[in-house]
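To keep things clear, I will list the structure first and then write my remarks on it.
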Amino acid sequence: MKGIKNFYLILILLLVMSCGENIGETEQDNISSNNEISSENSDSSVSNNSEPINNNLEKANIEEVIDEYPGGVLSFLSDEEKECIAQVSTTDSLKQMEYDVMNEGMIIQEHYDYFTSCNIPTPPGIGIKEGISAEIASETPLETSYSTSFASVENLESIETSGVSPYLEKVDESTLRLFYNSIEVMGLAVSLCDYEFNCEIQGVLNFISDLTIVETVDGVRRGYFVEGNPQTKEKDIYTAVFSEDGLTYTDKKALGFPVSVDEVAWGVPDAVLMSNGLIRVYWVYTEDKTSDETIVSATSKTTKGVDFTMDPGYRFDSGYVDFEVMKAEDGDWRAVMSYTPHYLPDIPQSLFYATSKDGLDWEFIEERITPESYSYLDPTTIPINDKTYLLITSGSPNQMGDKPHTLYRANLKLP
C-alpha cells in the first residue's frame, strides 16, 4: 500500500535522538515509495592506519548527493568523513542509499559497508535489507482480466513505468496527466500521456507524496498531499493551490491531523468534491502500531477546502487502505480500495469495489476484483462513461519485503 511507507523524516528524528555533534535540522524529501532498483557495486578496502582504497571507482561527488538530499545521511558527516565515504563509493550508489533510507529506513549491505570501512558509526535505527532477487524482479502477472458479479477488470497491462501512489487526471480528449512517486526521478513525477499511455515527464515535485487534486466550486485547483515537518518531527496532510500544468503550487497549509513521522501505516489522502461544494478527504489511519489499518475522513467547513472537521467513526476497518472515490453524487457514491500488505504472501493486496449513499457509510462485498496472483494497490481512476472507468494501479509480486512496483492500466467495468 501506499500507506506502508517509511518517510525520510524518520532518519532526522533518530539522528537527533542519538546526540551526535554533527546533527542539525534541514529540510528534506518526504516521498511515499516501496520501490528498489539495483545499486552499483563497489569494492573497498581499508587498513587500520590509512584511508580506504578506491582503485576501481571514480571518487563520488558528495556535494551533488547532498544538494539532492539536503537532509540526508551524508549531510550530518564531518568533512573528513565525507572525504572517506567519497573514496569508497560512487555518486549514483550514494543517491540510491539516501533514497532507500528516505523510503524504507533500510540500506543494503554495500552501503552499510561504506560506514564501517571509514570507521564511521552507522546511522542509528537503520536496518540492512536484501536486494531484489532476479526471480522476483522478473515476475509479472499472468492474468489480464478478472470478473465478479458486481465489477470486472479488463485489459490489465503494464504501462512499463516504475512507481507508486499514482494520480490520474484528464487534460482533454486526447491527453492525460499522470502524477506518481518514482525512484527513477527521485520525486513525484508529472507526466503527460496519451490514452495509450505513451508518456513524457514534464517535471518533478520534491518533498511531497500521495497527491490528489480537485477543482473547487470557486474554480480553484486545490491539491492535497503528504509532507513531513523536520521541526515538529510530524507529518500531515497539506493542501495548496496547484498550477494548471501541475508543476508548481502555492499557499500551502496543513489540514491539522498530524502524526509522528515514525507512523508508517498512515496517509494516502484522496480528496473528492461533493455535490454541496464541500471537500472530503479520506486517508489511512491506525490506532497503534499493532492494529489493522482503517480508513477515516474529514470534511471541509467551507467550499474553499482549507479548514476541515474530522468525520466521526471509520469508513472502513480491518485493514482496507488506499481509498479512491470514483463518483460522489447524491445517493450514488462509488469507490475502490486496496488491502493491507501485512498478510502477504498468503493474502495479496487486491482491489475491492464499494458503494455508498452519502460517502460515510459504505457497503461492499469482500470479494476482490483483481487477480489474486499479483498484488494491486494505490488505485486512481477517471470515468470513461457511467459504467466504465480507466484505472491506473501500482502492481507488485505477492512478496513481503523489497520488490518492484510497476504501474498498470485497466478498464474497470461496473454492472
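Residue numbers start at 1 in each chain; chains themselves are named A, B, ... in the order of the C-alpha cells; ligands are numbered from 1 in the order shown.
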Need the shell around Arg222 of chain A: protein/DNA/RNA residues with any atom at most 12 Å away, counting only C-alpha atoms. Skip same-chain ones fewer than 6 positions apart. Format as a list of chain:residue names?
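Counting only C-alpha atoms, the residues come to A:Leu211, A:Thr212, A:Ile213, A:Val214, A:Glu215, A:Thr216, A:Tyr238, A:Thr239, A:Ala240, A:Val241, A:Phe242, A:Ser243, A:Glu244, A:Gly246, A:Thr248, A:Tyr249, A:Thr250, A:Asp251, A:Lys252, A:Lys253, A:Ala271, A:Val272, A:Leu273, A:Ile279, A:Thr303, A:Lys304, A:Gly305, A:Val306.
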Output the selection as a short mmCIF file (atom, residue, chain, number, x, y, z; two decimals), in the first residue's frame - C-alpha atoms for each residue.
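Saved to selection_31.cif:
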data_model
loop_
_atom_site.label_atom_id
_atom_site.label_comp_id
_atom_site.auth_asym_id
_atom_site.auth_seq_id
_atom_site.Cartn_x
_atom_site.Cartn_y
_atom_site.Cartn_z
CA LEU A 211 -1.10 13.85 -4.41
CA THR A 212 -4.74 14.25 -5.45
CA ILE A 213 -6.27 17.39 -6.99
CA VAL A 214 -9.82 18.74 -7.07
CA GLU A 215 -11.28 21.91 -8.54
CA THR A 216 -13.42 23.76 -6.04
CA TYR A 238 -1.40 19.53 3.34
CA THR A 239 -3.41 21.46 0.80
CA ALA A 240 -2.13 24.01 -1.71
CA VAL A 241 -3.21 25.76 -4.90
CA PHE A 242 -1.72 23.98 -7.92
CA SER A 243 -0.89 25.44 -11.31
CA GLU A 244 -2.77 24.26 -14.37
CA GLY A 246 0.66 20.63 -12.07
CA THR A 248 4.06 24.31 -9.12
CA TYR A 249 1.94 25.09 -6.09
CA THR A 250 1.40 27.96 -3.63
CA ASP A 251 -0.39 28.81 -0.37
CA LYS A 252 0.40 25.53 1.36
CA LYS A 253 -1.43 24.80 4.61
CA ALA A 271 -9.82 14.27 -1.93
CA VAL A 272 -13.23 14.50 -3.55
CA LEU A 273 -15.60 17.36 -4.38
CA ILE A 279 -14.39 18.80 0.01
CA THR A 303 -16.26 25.37 -0.13
CA LYS A 304 -12.71 26.73 -0.01
CA GLY A 305 -11.50 23.28 1.09
CA VAL A 306 -8.90 24.57 3.55
#
message: as a PyMOL selection string, please: the residues near Glu169 of chain A (cut-off 7 Å, only C-alpha atoms, same-chain neighbours under 3 positions excluded).
response: chain A and resi 176-178+382
Only N, CA and C atoms, please: the residues just picked out, written as a PDB file, in the first residue's frame.
ATOM      1  N   LEU A 176      -3.835  12.915 -21.034  1.00  0.00           N
ATOM      2  CA  LEU A 176      -3.986  12.658 -19.604  1.00  0.00           C
ATOM      3  C   LEU A 176      -2.769  13.191 -18.873  1.00  0.00           C
ATOM      4  N   ARG A 177      -2.951  13.551 -17.623  1.00  0.00           N
ATOM      5  CA  ARG A 177      -1.809  13.921 -16.773  1.00  0.00           C
ATOM      6  C   ARG A 177      -1.690  12.882 -15.668  1.00  0.00           C
ATOM      7  N   LEU A 178      -0.499  12.331 -15.510  1.00  0.00           N
ATOM      8  CA  LEU A 178      -0.259  11.268 -14.542  1.00  0.00           C
ATOM      9  C   LEU A 178       0.815  11.706 -13.554  1.00  0.00           C
ATOM     10  N   ILE A 382     -10.387   7.620 -13.754  1.00  0.00           N
ATOM     11  CA  ILE A 382     -11.183   8.677 -14.377  1.00  0.00           C
ATOM     12  C   ILE A 382     -12.318   7.991 -15.135  1.00  0.00           C
TER      13      ILE A 382
END
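Among the candidate residues A:Asp236, A:Asp346, A:Glu154, A:Asp92, the one lying nearest to Lys413 of chain A is A:Glu154, with distances computed using only C-alpha atoms.
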Exercise for review: Rank A:Glu324, A:Glu143, A:Asp402, A:Asp67 by their smallest atom-to-atom distance to Tyr167 of chain A, using only C-alpha atoms, and report the top residue only.
Suggested key: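 Distance minimum relative to Tyr167 of chain A lands on A:Glu324.
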Q) Out of A:Glu234, A:Phe150, A:Asp311, A:Val261, which residue has the shortest atom-to-atom distance to Thr355 of chain A when counting only C-alpha atoms? A)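 Answer, going by the shortest atom-to-atom distance: A:Phe150.
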